[in-house]
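Novice: What follows is query_7.cif; its format and atoms are mmCIF, C-alpha atoms and all ligand atoms.
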```
data_input
#
loop_
_atom_site.label_atom_id
_atom_site.label_comp_id
_atom_site.auth_asym_id
_atom_site.auth_seq_id
_atom_site.Cartn_x
_atom_site.Cartn_y
_atom_site.Cartn_z
CA MET A 1 53.76 172.45 59.17
CA ALA A 2 52.60 175.26 61.39
CA ASP A 3 51.75 178.38 59.39
CA LYS A 4 54.09 180.57 61.39
CA ASN A 5 57.02 178.32 60.63
CA GLN A 6 56.14 178.25 56.96
CA GLU A 7 56.06 182.03 57.12
CA VAL A 8 59.59 182.16 58.60
CA MET A 9 60.84 179.78 55.93
CA ASP A 10 59.27 181.90 53.16
CA LYS A 11 60.83 185.03 54.61
CA VAL A 12 64.28 183.42 54.80
CA ILE A 13 64.03 182.16 51.22
CA SER A 14 62.88 185.54 50.02
CA LEU A 15 65.69 187.33 51.91
CA CYS A 16 68.21 184.89 50.45
CA LYS A 17 67.14 185.74 46.93
CA ARG A 18 66.57 189.47 47.41
CA ARG A 19 69.93 190.06 49.10
CA GLY A 20 72.04 187.64 47.10
CA PHE A 21 72.62 184.68 49.42
CA VAL A 22 71.00 181.83 47.49
CA PHE A 23 69.33 181.68 44.07
CA GLN A 24 67.41 178.91 42.37
CA GLY A 25 69.81 176.84 40.21
CA SER A 26 69.52 177.64 36.45
CA GLU A 27 66.72 180.01 37.33
CA ILE A 28 66.32 181.64 33.91
CA TYR A 29 65.52 178.19 32.47
CA GLY A 30 62.91 177.46 35.10
CA GLY A 31 65.39 175.92 37.52
CA LEU A 32 66.48 172.34 38.07
CA ALA A 33 64.96 170.47 41.01
CA GLY A 34 67.35 169.95 43.90
CA THR A 35 69.95 172.50 42.78
CA TRP A 36 70.64 175.95 44.22
CA ASP A 37 73.26 178.57 43.44
CA TYR A 38 75.01 180.62 46.10
CA GLY A 39 75.27 184.34 45.39
CA PRO A 40 77.97 186.73 46.67
CA LEU A 41 76.81 186.80 50.30
CA GLY A 42 76.02 183.08 50.33
CA VAL A 43 79.51 182.22 49.10
CA ALA A 44 81.02 184.50 51.72
CA LEU A 45 78.96 182.89 54.49
CA LYS A 46 79.76 179.39 53.24
CA ASN A 47 83.48 180.17 52.94
CA ASN A 48 83.51 181.58 56.47
CA ILE A 49 81.90 178.37 57.75
CA LYS A 50 84.31 176.14 55.83
CA ASN A 51 87.38 178.17 56.83
CA LEU A 52 86.38 178.17 60.47
CA TRP A 53 85.83 174.41 60.35
CA TRP A 54 89.15 173.76 58.57
CA ASN A 55 90.92 176.00 61.00
CA LYS A 56 89.39 174.34 64.04
CA PHE A 57 89.63 170.71 62.99
CA VAL A 58 92.72 170.65 60.75
CA GLU A 59 95.07 173.62 61.08
CA ASN A 60 94.84 174.02 64.84
CA ARG A 61 95.65 170.37 65.51
CA GLU A 62 98.61 168.09 65.08
CA ASP A 63 96.62 164.89 64.57
CA MET A 64 94.61 165.88 61.49
CA PHE A 65 95.51 165.66 57.79
CA GLY A 66 93.56 167.40 55.05
CA VAL A 67 92.86 165.88 51.65
CA ASP A 68 90.98 166.98 48.55
CA ALA A 69 90.20 163.83 46.59
CA ALA A 70 88.66 163.54 43.12
CA ILE A 71 84.87 163.62 42.92
CA ILE A 72 84.85 160.88 40.26
CA MET A 73 86.54 157.77 41.58
CA ASN A 74 87.23 154.30 40.27
CA PRO A 75 83.82 152.52 40.31
CA LYS A 76 85.40 149.71 42.34
CA VAL A 77 85.46 152.12 45.28
CA TRP A 78 81.66 152.19 45.31
CA GLU A 79 81.37 148.42 44.99
CA ALA A 80 83.70 147.88 47.94
CA SER A 81 82.01 150.55 50.06
CA GLY A 82 78.61 148.91 49.59
CA HIS A 83 77.08 151.87 47.78
CA VAL A 84 76.46 150.07 44.47
CA SER A 85 74.35 147.42 46.14
CA GLY A 86 73.01 149.30 49.11
CA PHE A 87 72.75 153.06 48.61
CA VAL A 88 69.07 152.95 47.74
CA ASP A 89 65.84 154.68 48.64
CA PRO A 90 62.37 153.33 47.87
CA THR A 91 60.40 155.08 45.12
CA GLU A 92 56.65 155.68 45.52
CA ASP A 93 55.75 152.36 43.85
CA GLY A 94 58.09 150.44 46.22
CA LYS A 95 61.06 149.87 43.95
CA GLN A 96 64.58 150.34 45.29
CA PHE A 97 66.32 153.21 43.52
CA ASN A 98 70.06 153.75 43.78
CA VAL A 99 70.58 157.46 44.43
CA MET A 100 74.14 157.65 43.08
CA PHE A 101 74.53 159.75 39.91
CA LYS A 102 75.96 157.58 37.16
CA THR A 103 78.33 159.06 34.65
CA ALA A 104 80.51 157.77 31.78
CA VAL A 105 84.25 158.37 31.99
CA GLY A 106 86.13 158.46 28.68
CA ALA A 107 84.99 158.25 25.04
CA GLY A 108 83.32 155.56 22.93
CA GLU A 109 84.16 151.95 23.69
CA GLU A 110 86.84 152.97 26.12
CA ALA A 111 84.25 154.60 28.37
CA ILE A 112 83.64 153.14 31.80
CA ASP A 113 80.68 153.78 34.02
CA SER A 114 81.35 155.50 37.29
CA TYR A 115 79.53 157.74 39.73
CA LEU A 116 79.73 161.20 41.21
CA ARG A 117 80.66 160.58 44.83
CA PRO A 118 77.64 160.43 47.17
CA GLU A 119 79.87 161.15 50.20
CA THR A 120 83.35 162.55 50.67
CA ALA A 121 84.30 159.79 53.13
CA GLN A 122 85.61 157.28 50.56
CA GLY A 123 88.10 159.82 49.21
CA MET A 124 89.75 159.65 52.61
CA PHE A 125 89.70 155.87 53.04
CA VAL A 126 91.39 155.32 49.68
CA ASN A 127 94.09 157.82 50.68
CA PHE A 128 94.71 156.25 54.08
CA LYS A 129 97.90 154.52 52.98
CA ASN A 130 99.19 157.55 51.09
CA VAL A 131 98.92 159.71 54.16
CA VAL A 132 100.41 157.06 56.47
CA ASP A 133 103.36 156.53 54.11
CA ALA A 134 103.98 160.25 53.62
CA PHE A 135 103.51 161.47 57.20
CA HIS A 136 103.90 158.44 59.51
CA PRO A 137 101.23 159.66 61.92
CA LYS A 138 100.72 157.95 65.27
CA LEU A 139 97.28 156.66 66.23
CA PRO A 140 94.89 158.24 66.90
CA PHE A 141 94.84 160.57 63.90
CA GLY A 142 92.33 161.76 61.37
CA LEU A 143 91.78 162.70 57.75
CA ALA A 144 89.53 165.62 56.90
CA GLN A 145 87.94 166.75 53.69
CA ILE A 146 85.53 169.43 52.50
CA GLY A 147 83.87 168.93 49.15
CA LYS A 148 80.87 168.32 46.98
CA ALA A 149 78.72 165.21 47.17
CA PHE A 150 75.88 164.23 44.86
CA ARG A 151 72.74 162.23 45.51
CA ASN A 152 69.90 161.78 43.09
CA GLU A 153 67.36 162.34 45.86
CA ILE A 154 63.92 161.06 44.92
CA SER A 155 62.19 164.14 46.28
CA PRO A 156 64.47 167.12 46.94
CA ARG A 157 62.77 169.64 49.20
CA ASP A 158 62.89 172.28 51.91
CA PHE A 159 65.10 174.81 50.11
CA ILE A 160 68.80 173.89 50.61
CA PHE A 161 68.00 171.15 53.16
CA ARG A 162 67.57 168.20 50.79
CA VAL A 163 69.32 168.84 47.50
CA ARG A 164 70.96 166.75 44.80
CA GLU A 165 74.31 168.51 44.88
CA PHE A 166 75.67 169.61 48.25
CA GLU A 167 78.83 170.00 50.28
CA GLN A 168 80.10 167.99 53.20
CA MET A 169 82.80 168.58 55.78
CA GLU A 170 83.87 165.16 57.01
CA ILE A 171 86.43 163.61 59.29
CA GLU A 172 87.57 160.00 59.45
CA TYR A 173 89.25 159.63 62.81
CA PHE A 174 91.32 156.44 63.15
CA VAL A 175 91.62 154.79 66.55
CA GLN A 176 92.37 151.44 68.15
CA GLU A 177 89.24 149.32 68.45
CA LYS A 178 89.41 149.29 72.24
CA ASP A 179 89.31 153.11 72.35
CA TRP A 180 86.32 153.73 70.10
CA LYS A 181 83.86 154.60 72.86
CA ASP A 182 86.12 157.27 74.35
CA PHE A 183 86.69 158.93 71.01
CA PHE A 184 83.03 158.73 70.11
CA GLU A 185 82.26 160.71 73.27
CA ASN A 186 85.10 163.08 72.58
CA TRP A 187 83.86 163.86 69.06
CA ARG A 188 80.35 164.27 70.33
CA GLU A 189 81.59 167.08 72.56
CA GLN A 190 83.65 168.61 69.80
CA MET A 191 80.60 168.69 67.55
CA PHE A 192 78.67 170.56 70.25
CA ASP A 193 81.61 172.99 70.57
CA TRP A 194 81.47 173.63 66.86
CA MET A 195 77.73 174.28 66.87
CA LYS A 196 78.20 176.74 69.71
CA GLU A 197 81.02 178.50 67.88
CA ILE A 198 78.87 179.19 64.84
CA GLY A 199 76.05 180.48 67.03
CA LEU A 200 73.44 177.72 66.77
CA PRO A 201 71.14 177.81 69.81
CA LYS A 202 71.69 174.74 71.98
CA SER A 203 67.97 174.49 72.69
CA SER A 204 67.36 173.80 68.98
CA ILE A 205 69.81 170.89 68.83
CA HIS A 206 68.66 167.37 69.73
CA GLU A 207 70.58 164.13 69.72
CA LEU A 208 68.96 161.06 68.27
CA GLU A 209 70.48 157.68 69.03
CA VAL A 210 69.85 155.82 65.78
CA PRO A 211 68.47 152.37 66.69
CA ASP A 212 69.61 148.99 65.38
CA GLY A 213 68.17 148.38 61.97
CA ASP A 214 67.97 152.07 61.04
CA ARG A 215 71.71 152.69 60.87
CA ALA A 216 73.75 152.76 57.66
CA HIS A 217 75.17 149.38 56.68
CA TYR A 218 78.66 150.22 57.97
CA SER A 219 77.77 151.66 61.37
CA LYS A 220 77.73 150.10 64.83
CA ARG A 221 76.64 153.28 66.52
CA THR A 222 75.25 156.53 65.13
CA ILE A 223 74.01 159.73 66.71
CA ASP A 224 72.12 162.15 64.51
CA PHE A 225 72.28 165.76 65.60
CA GLU A 226 68.85 167.05 64.73
CA PHE A 227 67.99 170.71 64.47
CA ASP A 228 64.70 172.55 64.81
CA PHE A 229 64.39 173.85 61.26
CA PRO A 230 61.26 175.90 60.47
CA PHE A 231 59.82 172.82 58.72
CA GLY A 232 60.48 170.49 61.63
CA ARG A 233 63.16 168.65 63.56
CA LYS A 234 65.54 167.14 61.01
CA GLU A 235 69.08 165.79 60.73
CA LEU A 236 71.76 168.45 60.64
CA TYR A 237 74.89 166.38 61.32
CA GLY A 238 75.83 162.79 62.08
CA LEU A 239 78.39 160.99 64.19
CA ALA A 240 79.05 157.36 63.30
CA TYR A 241 81.29 154.56 64.48
CA ARG A 242 82.16 152.91 61.15
CA THR A 243 84.32 150.19 62.73
CA ASP A 244 87.04 148.91 60.37
CA PHE A 245 84.42 148.22 57.71
CA ASP A 246 85.79 150.57 55.06
CA LEU A 247 89.52 149.95 55.44
CA LYS A 248 88.96 146.18 55.54
CA ASN A 249 86.72 146.17 52.47
CA HIS A 250 89.08 148.35 50.47
CA SER A 251 92.01 146.17 51.51
CA ASP A 252 90.19 143.05 50.33
CA SER A 253 88.94 144.58 47.08
CA SER A 254 92.10 146.40 46.03
CA GLY A 255 94.63 143.90 47.32
CA VAL A 256 96.47 146.78 49.02
CA ALA A 257 96.68 146.37 52.79
CA LEU A 258 95.27 149.49 54.46
CA GLU A 259 96.93 148.94 57.79
CA TYR A 260 98.73 150.67 60.57
CA PHE A 261 101.91 149.34 62.11
CA ASP A 262 102.07 149.85 65.84
CA GLU A 263 105.73 150.12 66.78
CA GLU A 264 105.17 149.47 70.47
CA SER A 265 103.25 146.21 70.15
CA GLY A 266 104.70 145.23 66.76
CA GLU A 267 101.15 144.65 65.51
CA ARG A 268 99.73 145.45 62.09
CA PHE A 269 95.99 146.12 61.87
CA SER A 270 93.23 148.16 60.22
CA PRO A 271 92.27 150.92 62.64
CA HIS A 272 88.65 151.60 63.56
CA VAL A 273 86.94 154.80 62.52
CA ILE A 274 84.86 157.49 64.18
CA GLU A 275 83.21 159.71 61.59
CA PRO A 276 81.80 163.14 62.41
CA THR A 277 80.02 164.49 59.34
CA PHE A 278 78.76 168.03 58.76
CA GLY A 279 76.57 169.12 55.83
CA VAL A 280 77.58 172.62 54.71
CA ASP A 281 74.25 173.54 53.14
CA ARG A 282 72.29 172.37 56.17
CA THR A 283 74.65 174.42 58.33
CA VAL A 284 73.88 177.49 56.24
CA LEU A 285 70.15 176.85 56.55
CA ALA A 286 70.29 176.21 60.30
CA ILE A 287 72.27 179.43 60.75
CA LEU A 288 70.02 181.57 58.56
CA SER A 289 66.72 180.25 59.90
CA SER A 290 67.75 180.59 63.54
CA ALA A 291 69.40 184.00 62.99
CA TYR A 292 66.36 185.51 61.28
CA THR A 293 64.84 187.98 63.77
CA GLU A 294 62.07 190.55 63.69
CA ASP A 295 61.82 193.34 66.23
CA GLU A 296 61.11 197.01 66.65
CA LEU A 297 63.88 199.57 66.77
CA GLY A 298 63.22 203.27 67.32
CA GLY A 299 59.51 202.69 66.82
CA GLU A 300 60.03 200.99 63.47
CA LYS A 301 59.65 197.35 62.55
CA ARG A 302 62.76 195.72 61.17
CA ASN A 303 64.15 192.30 60.37
CA TYR A 304 67.77 191.34 60.79
CA LEU A 305 70.10 188.34 60.85
CA LYS A 306 71.60 187.76 64.25
CA LEU A 307 74.77 186.14 62.88
CA SER A 308 77.89 185.43 64.91
CA LYS A 309 80.72 187.78 64.02
CA ASN A 310 82.95 184.91 62.95
CA ILE A 311 80.64 183.79 60.13
CA ALA A 312 78.86 187.01 59.10
CA PRO A 313 79.52 187.55 55.36
CA ILE A 314 80.23 191.25 55.93
CA LYS A 315 82.10 192.19 59.11
CA ALA A 316 81.49 195.94 58.98
CA ALA A 317 80.07 198.65 56.71
CA VAL A 318 81.59 202.11 56.47
CA PHE A 319 79.42 205.15 55.66
CA PRO A 320 79.89 208.89 55.27
CA LEU A 321 77.06 210.53 57.22
CA LEU A 322 76.08 212.54 54.14
CA LYS A 323 76.65 211.57 50.55
CA ASN A 324 76.98 215.08 49.18
CA LYS A 325 79.85 216.22 51.39
CA PRO A 326 83.07 215.27 49.58
CA GLU A 327 85.19 215.68 52.72
CA LEU A 328 83.05 213.06 54.55
CA VAL A 329 83.04 210.68 51.58
CA GLU A 330 86.79 210.99 51.20
CA LYS A 331 87.47 210.29 54.89
CA ALA A 332 85.02 207.36 54.92
CA ARG A 333 86.69 205.82 51.85
CA GLU A 334 90.08 206.26 53.44
CA ILE A 335 88.94 204.40 56.57
CA TYR A 336 87.25 201.74 54.44
CA MET A 337 90.46 201.12 52.46
CA MET A 338 92.52 200.99 55.63
CA LEU A 339 90.22 198.42 57.28
CA LYS A 340 89.84 196.32 54.13
CA LYS A 341 93.56 195.60 54.10
CA ASP A 342 93.24 193.68 57.37
CA ILE A 343 89.62 192.56 57.14
CA PRO A 344 88.59 192.01 53.52
CA GLN A 345 84.89 191.45 54.27
CA ILE A 346 84.14 195.18 54.61
CA VAL A 347 81.78 197.26 52.46
CA PHE A 348 81.38 200.94 51.72
CA ASP A 349 77.92 202.42 51.24
CA ASP A 350 76.76 205.96 50.60
CA ASN A 351 73.39 205.17 49.02
CA GLY A 352 70.18 206.61 50.44
CA ASN A 353 69.85 208.00 53.94
CA ILE A 354 71.74 206.61 56.90
CA GLY A 355 68.70 204.87 58.41
CA LYS A 356 68.14 202.91 55.21
CA ARG A 357 71.79 201.92 55.10
CA TYR A 358 71.60 200.59 58.65
CA ARG A 359 68.54 198.51 57.75
CA ARG A 360 70.20 197.10 54.67
CA GLN A 361 73.18 195.95 56.73
CA ASP A 362 70.98 194.60 59.53
CA GLU A 363 69.12 192.47 57.03
CA ILE A 364 72.30 190.71 55.91
CA GLY A 365 73.66 190.35 59.44
CA THR A 366 76.53 192.87 59.40
CA PRO A 367 77.56 193.14 63.07
CA VAL A 368 78.66 196.80 63.04
CA CYS A 369 78.23 199.95 60.97
CA ILE A 370 80.84 202.70 61.09
CA THR A 371 79.82 206.27 60.34
CA VAL A 372 82.10 209.18 59.55
CA ASP A 373 80.64 212.56 60.51
CA PHE A 374 81.83 216.13 60.95
CA ASP A 375 83.20 215.37 64.39
CA THR A 376 85.50 212.81 62.79
CA LEU A 377 86.96 215.69 60.83
CA GLY A 378 87.45 217.73 63.99
CA GLU A 379 84.32 219.87 64.27
CA LYS A 380 84.39 219.04 67.95
CA PRO A 381 88.15 218.85 68.47
CA GLU A 382 87.88 216.34 71.31
CA LEU A 383 86.15 213.91 68.91
CA ALA A 384 88.60 214.30 66.03
CA ASP A 385 89.65 210.97 64.46
CA THR A 386 86.79 209.09 66.08
CA VAL A 387 83.74 207.57 64.36
CA THR A 388 80.40 206.21 65.51
CA VAL A 389 80.12 202.44 65.71
CA ARG A 390 76.57 201.09 65.71
CA ASP A 391 75.72 197.67 67.04
CA ARG A 392 73.38 195.58 64.85
CA ASP A 393 71.37 193.92 67.61
CA THR A 394 70.75 196.88 69.92
CA GLY A 395 71.12 199.79 67.50
CA GLU A 396 73.28 201.46 70.15
CA GLN A 397 76.05 203.77 69.03
CA LYS A 398 79.34 204.67 70.58
CA ARG A 399 82.36 206.74 69.64
CA VAL A 400 85.50 204.79 68.79
CA ALA A 401 88.93 206.06 67.78
CA ILE A 402 89.82 205.18 64.18
CA LYS A 403 93.01 203.50 65.37
CA ASP A 404 90.96 201.09 67.53
CA LEU A 405 88.54 200.05 64.78
CA ILE A 406 90.25 196.82 63.78
CA LYS A 407 90.17 195.58 67.34
CA GLU A 408 86.56 196.71 67.69
CA ILE A 409 85.45 194.80 64.58
CA SER A 410 87.38 191.62 65.21
CA THR A 411 86.52 191.01 68.85
P1 LIG B 501 69.10 162.08 55.43
O1 LIG B 501 68.69 161.00 56.38
O2 LIG B 501 68.57 163.45 55.77
O3 LIG B 501 68.91 161.72 53.98
P2 LIG B 501 71.67 160.95 55.64
O4 LIG B 501 71.57 160.30 56.98
O5 LIG B 501 71.52 160.16 54.41
O6 LIG B 501 70.67 162.21 55.58
P3 LIG B 501 74.47 161.16 55.68
O7 LIG B 501 74.65 160.10 54.68
O8 LIG B 501 74.77 160.88 57.11
O9 LIG B 501 73.00 161.77 55.56
O10 LIG B 501 75.26 162.44 55.17
C1 LIG B 501 76.03 163.25 56.02
C2 LIG B 501 75.54 164.69 56.04
O11 LIG B 501 75.44 165.21 54.73
C3 LIG B 501 74.14 164.87 56.64
O12 LIG B 501 74.19 164.94 58.04
C4 LIG B 501 73.71 166.16 56.00
O13 LIG B 501 74.21 167.26 56.73
C5 LIG B 501 74.36 166.13 54.64
N1 LIG B 501 73.41 165.69 53.60
C6 LIG B 501 73.09 164.41 53.29
N2 LIG B 501 72.20 164.37 52.29
C7 LIG B 501 71.97 165.66 51.92
C8 LIG B 501 71.15 166.28 50.93
N3 LIG B 501 70.43 165.56 50.07
N4 LIG B 501 71.15 167.62 50.86
C9 LIG B 501 71.91 168.36 51.71
N5 LIG B 501 72.70 167.83 52.66
C10 LIG B 501 72.74 166.50 52.77
#
```
Could you write out this structure as structure tokens?
Ligand code: ATP

Specialist:
Amino acid sequence: MADKNQEVMDKVISLCKRRGFVFQGSEIYGGLAGTWDYGPLGVALKNNIKNLWWNKFVENREDMFGVDAAIIMNPKVWEASGHVSGFVDPTEDGKQFNVMFKTAVGAGEEAIDSYLRPETAQGMFVNFKNVVDAFHPKLPFGLAQIGKAFRNEISPRDFIFRVREFEQMEIEYFVQEKDWKDFFENWREQMFDWMKEIGLPKSSIHELEVPDGDRAHYSKRTIDFEFDFPFGRKELYGLAYRTDFDLKNHSDSSGVALEYFDEESGERFSPHVIEPTFGVDRTVLAILSSAYTEDELGGEKRNYLKLSKNIAPIKAAVFPLLKNKPELVEKAREIYMMLKKDIPQIVFDDNGNIGKRYRRQDEIGTPVCITVDFDTLGEKPELADTVTVRDRDTGEQKRVAIKDLIKEIST
């Protein structure tokens, strides 16, 4: 790894800890390999990503159905899906090691062995019939789920890139077999749209056509979307054509037909599946590592996160110009409370001098800082009820009327 890239990675990890994005899991006990805890800003960033995704791919569409399935499933699910026999990685001495986490469900002799799910996908396949029976969707349609997945990775590494407990945002999109190529292309474009929306630079994204022999056991075609992380070009997301493998196998194993009845042709069949999959933690890492920027502003060195407005954990910070002037503090708190009603991710800060406050917000990627000064209170009558709004990236300031602040922050 080039030294400079290692340096960026170290700076991102240090920022994450210092500013409360991501902490080592169980840190006070020396940690636990492959686990990380998200702090207040990390949770906010992650929630913004997940909400944006859910909004884009579920709520804004008529052909998508959300589910939230149990993490611990009947072990037969994992036999039918091929994970019990095939979800293995080689250990250093060449043995095949199944990376599913085993767990016992129930007490004493009643207990059965099961697993923590290694992917969210199966929670959707086993609910295929439930959703069809409850909603009678027409093909094509999809199921979507956001949730935790667990893999006992042999060597977790690269911060939150390869961990043992992570989150996935997945879609199983059901189509007729003859249409799979069109929908594969369509989802490929939608995945690019998504990456653009969250501000990932297109030049850092690379598609890898996974060749025969390297694909997962269920896939007839897979594209990996690789990203230029500081430690190299690695898989961020995947897009797979899973055929009818899962629905067929679950039909055979459970004895419950997972089929779709096509009213026009009068046919009954198991639809084929296109699966776009998005790792949440890798999204966070791609965003943070590409947003991390160092520059000079007003003759001083600074570092900041160039986050898109839609995912920034804090949308705006409100300051009184001076801490020891009660009339400024009072007005600033009033504006803060007013904004917070509409946009909850707002903070108030009156600590230290104004320059330090700007730097603190820059470092966590807050797009704008709002400052209340004497002009706000009417010292210059023509500026009464206006504030300064400072832009994170340029440091430029402009005067904005208090009544226009919500619009200013949200667009
Ligand atoms: P890799 O080849 O890096 O192990 P994979 O091909 O096994 O990944 P998939 O099974 O396709 O990954 O999982 C779907 C998505 O889940 C990945 O694209 C990634 O974003 C995320 N993911 C998978 N494994 C991990 C992990 N150990 N830590 C964090 N995210 C993960």

Novice: What's around Glu7 (chain A) at 12 Å? Count all atoms listed in the file, leave out sequence neighbours fewer than 6 positions away in its own chain, and write the answer as a PyMOL selection string.

Specialist: chain A and resi 1+13-14+230-231+289+292

Novice: Output C-alpha atoms for every residue in that selection, as a PDB file, keeping the file's coordinate frame.

Specialist:
```
ATOM      1  CA  MET A   1      53.760 172.450  59.170  1.00  0.00           C
ATOM      2  CA  ILE A  13      64.030 182.160  51.220  1.00  0.00           C
ATOM      3  CA  SER A  14      62.880 185.540  50.020  1.00  0.00           C
ATOM      4  CA  PRO A 230      61.260 175.900  60.470  1.00  0.00           C
ATOM      5  CA  PHE A 231      59.820 172.820  58.720  1.00  0.00           C
ATOM      6  CA  SER A 289      66.720 180.250  59.900  1.00  0.00           C
ATOM      7  CA  TYR A 292      66.360 185.510  61.280  1.00  0.00           C
TER       8      TYR A 292
END
```

Novice: At a cut-off of 9 Å and counting all atoms listed in the file, what residues surround ligand LIG 501 (chain B)? Please answer as number ranges by chain.

Specialist: A: 34, 118-119, 149-153, 156-157, 160-170, 215-216, 224-226, 234-240, 276-283

Novice: Let me make sure I understand: among A:Glu209, A:Asp393, A:Lys46, A:Asp3, which one has the smallest atom-to-atom distance to Val22 (chain A) if we use all atoms listed in the file?

Specialist: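 Looking only at the distances to Val22 (chain A), the closest residue turns out to be A:Lys46.
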
Novice: Quick one: of A:Lys340, A:Lys315, A:Arg333, A:Lys17, who's nearest to Asp391 (chain A), counting all atoms listed in the file?

Specialist: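 When distances to Asp391 (chain A) are compared using all atoms listed in the file, the smallest one comes from A:Lys315.
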
Novice: Within 7 Å of region 397-406 of chain A, counting all atoms listed in the file, which residues qualify if same-chain residues fewer than 2 places away don't, as a ChimeraX atom specification?

Specialist: /A:339,385-391,395,408-410

Novice: Report, in Å to a single decimal, how far apart CA of Asp349 (chain A) and CA of Glu330 (chain A) are.

Specialist: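 So the answer is 12.3 Å.
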
Novice: With all atoms listed in the file as the counted atoms, please give the residues lying no more than 12 Å from Phe261 (chain A), apart from itself and same-chain residues fewer than 4 positions off, as a PyMOL selection string.

Specialist: chain A and resi 129+132-133+136-139+176+257+265-271

Novice: Go ahead and compute the interatomic distance for CA of Val58 (chain A) and CA of Ile71 (chain A), in Å to one decimal.

Specialist: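 Interatomic distance, CA of Val58 (chain A) to CA of Ile71 (chain A): 20.7 Å.
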
Novice: What's the separation between CA of Glu189 (chain A) and CA of Gly147 (chain A), in Å to one decimal place?

Specialist: 23.6 Å

Novice: Out of A:Leu297, A:Ala332, A:Met337, A:Glu275, which residue has the shortest atom-to-atom distance to Thr394 (chain A) when counting only C-alpha atoms?

Specialist: A:Leu297

Novice: Give the answer as one residue: which of A:Val105, A:Val256, A:Leu377, A:Leu41 has the shortest atom-to-atom distance to Gln361 (chain A), using all atoms listed in the file?

Specialist: A:Leu41

Novice: Counting all atoms listed in the file, note down every residue that has an atom within 10 Å of the point (89.9, 155.6, 70.4) (file coordinates), as a list of chain:residue names.

Specialist: A:Leu139, A:Pro140, A:Phe141, A:Tyr173, A:Phe174, A:Val175, A:Gln176, A:Glu177, A:Lys178, A:Asp179, A:Trp180, A:Lys181, A:Asp182, A:Phe183, A:Phe184, A:Glu185, A:Asn186, A:Pro271, A:His272, A:Val273, A:Ile274

Novice: When distances are computed from only C-alpha atoms, which of A:Ser219, A:Phe65, A:Glu172, A:Met124 shows the smallest separation from Phe245 (chain A)?

Specialist: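 With only C-alpha atoms as the atom set, the closest residue is A:Ser219.
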
Novice: With distances taken over only C-alpha atoms, which residue among A:Ala286, A:Val99, A:Ile364, A:Ala111 lies nearest Arg19 (chain A)?

Specialist: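 Looking at the shortest contact to Arg19 (chain A), the residue is A:Ile364.
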
Novice: Could the centre and edge lengths of an axis-aligned box, enclosing all atoms of region 318-322 of chain A in the file with 5 Å extra on each side, be given in Å to one decimal as JSON?

Specialist:
```
{"center_x": 78.8, "center_y": 207.3, "center_z": 55.7, "size_x": 15.5, "size_y": 20.4, "size_z": 13.1}
```

Novice: Can you pull out the residues contacting Phe319 (chain A)? Cut-off 8 Å, using all atoms listed in the file, and skip same-chain residues under 6 positions away; I want them as a list in words.

Specialist: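 What passes the distance filter is Val329, Ala332, Phe348, Asp349, Asp350, Ile354, Cys369, Ile370, Thr371 and Val372 of chain A.
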
Novice: Need to verify the contact set: Val43 (chain A), 9 Å, all atoms listed in the file, exclusion of same-chain residues closer than 4 positions in sequence. Can you return it as a PDB file with C-alpha atoms, in the coordinates of the input?

Specialist:
```pdb
ATOM      1  CA  PHE A  21      72.620 184.680  49.420  1.00  0.00           C
ATOM      2  CA  VAL A  22      71.000 181.830  47.490  1.00  0.00           C
ATOM      3  CA  TYR A  38      75.010 180.620  46.100  1.00  0.00           C
ATOM      4  CA  GLY A  39      75.270 184.340  45.390  1.00  0.00           C
ATOM      5  CA  ASN A  47      83.480 180.170  52.940  1.00  0.00           C
ATOM      6  CA  ASN A  48      83.510 181.580  56.470  1.00  0.00           C
ATOM      7  CA  PRO A 313      79.520 187.550  55.360  1.00  0.00           C
TER       8      PRO A 313
END
```

Novice: Output as a PDB file, in the coordinates of the input: region 288-294 of chain A, completed with N, CA and C atoms.

Specialist:
```pdb
ATOM      1  N   LEU A 288      70.900 180.501  59.053  1.00  0.00           N
ATOM      2  CA  LEU A 288      70.020 181.570  58.560  1.00  0.00           C
ATOM      3  C   LEU A 288      68.653 181.522  59.229  1.00  0.00           C
ATOM      4  N   SER A 289      68.090 180.310  59.370  1.00  0.00           N
ATOM      5  CA  SER A 289      66.720 180.250  59.900  1.00  0.00           C
ATOM      6  C   SER A 289      66.694 180.576  61.393  1.00  0.00           C
ATOM      7  N   SER A 290      67.777 180.245  62.115  1.00  0.00           N
ATOM      8  CA  SER A 290      67.750 180.590  63.540  1.00  0.00           C
ATOM      9  C   SER A 290      68.194 182.035  63.781  1.00  0.00           C
ATOM     10  N   ALA A 291      68.930 182.612  62.818  1.00  0.00           N
ATOM     11  CA  ALA A 291      69.400 184.000  62.990  1.00  0.00           C
ATOM     12  C   ALA A 291      68.338 185.014  62.579  1.00  0.00           C
ATOM     13  N   TYR A 292      67.371 184.570  61.778  1.00  0.00           N
ATOM     14  CA  TYR A 292      66.360 185.510  61.280  1.00  0.00           C
ATOM     15  C   TYR A 292      65.529 186.045  62.451  1.00  0.00           C
ATOM     16  N   THR A 293      65.524 187.371  62.621  1.00  0.00           N
ATOM     17  CA  THR A 293      64.840 187.980  63.770  1.00  0.00           C
ATOM     18  C   THR A 293      64.032 189.183  63.317  1.00  0.00           C
ATOM     19  N   GLU A 294      62.867 189.337  63.936  1.00  0.00           N
ATOM     20  CA  GLU A 294      62.070 190.550  63.690  1.00  0.00           C
ATOM     21  C   GLU A 294      61.888 191.263  65.009  1.00  0.00           C
TER      22      GLU A 294
END
```
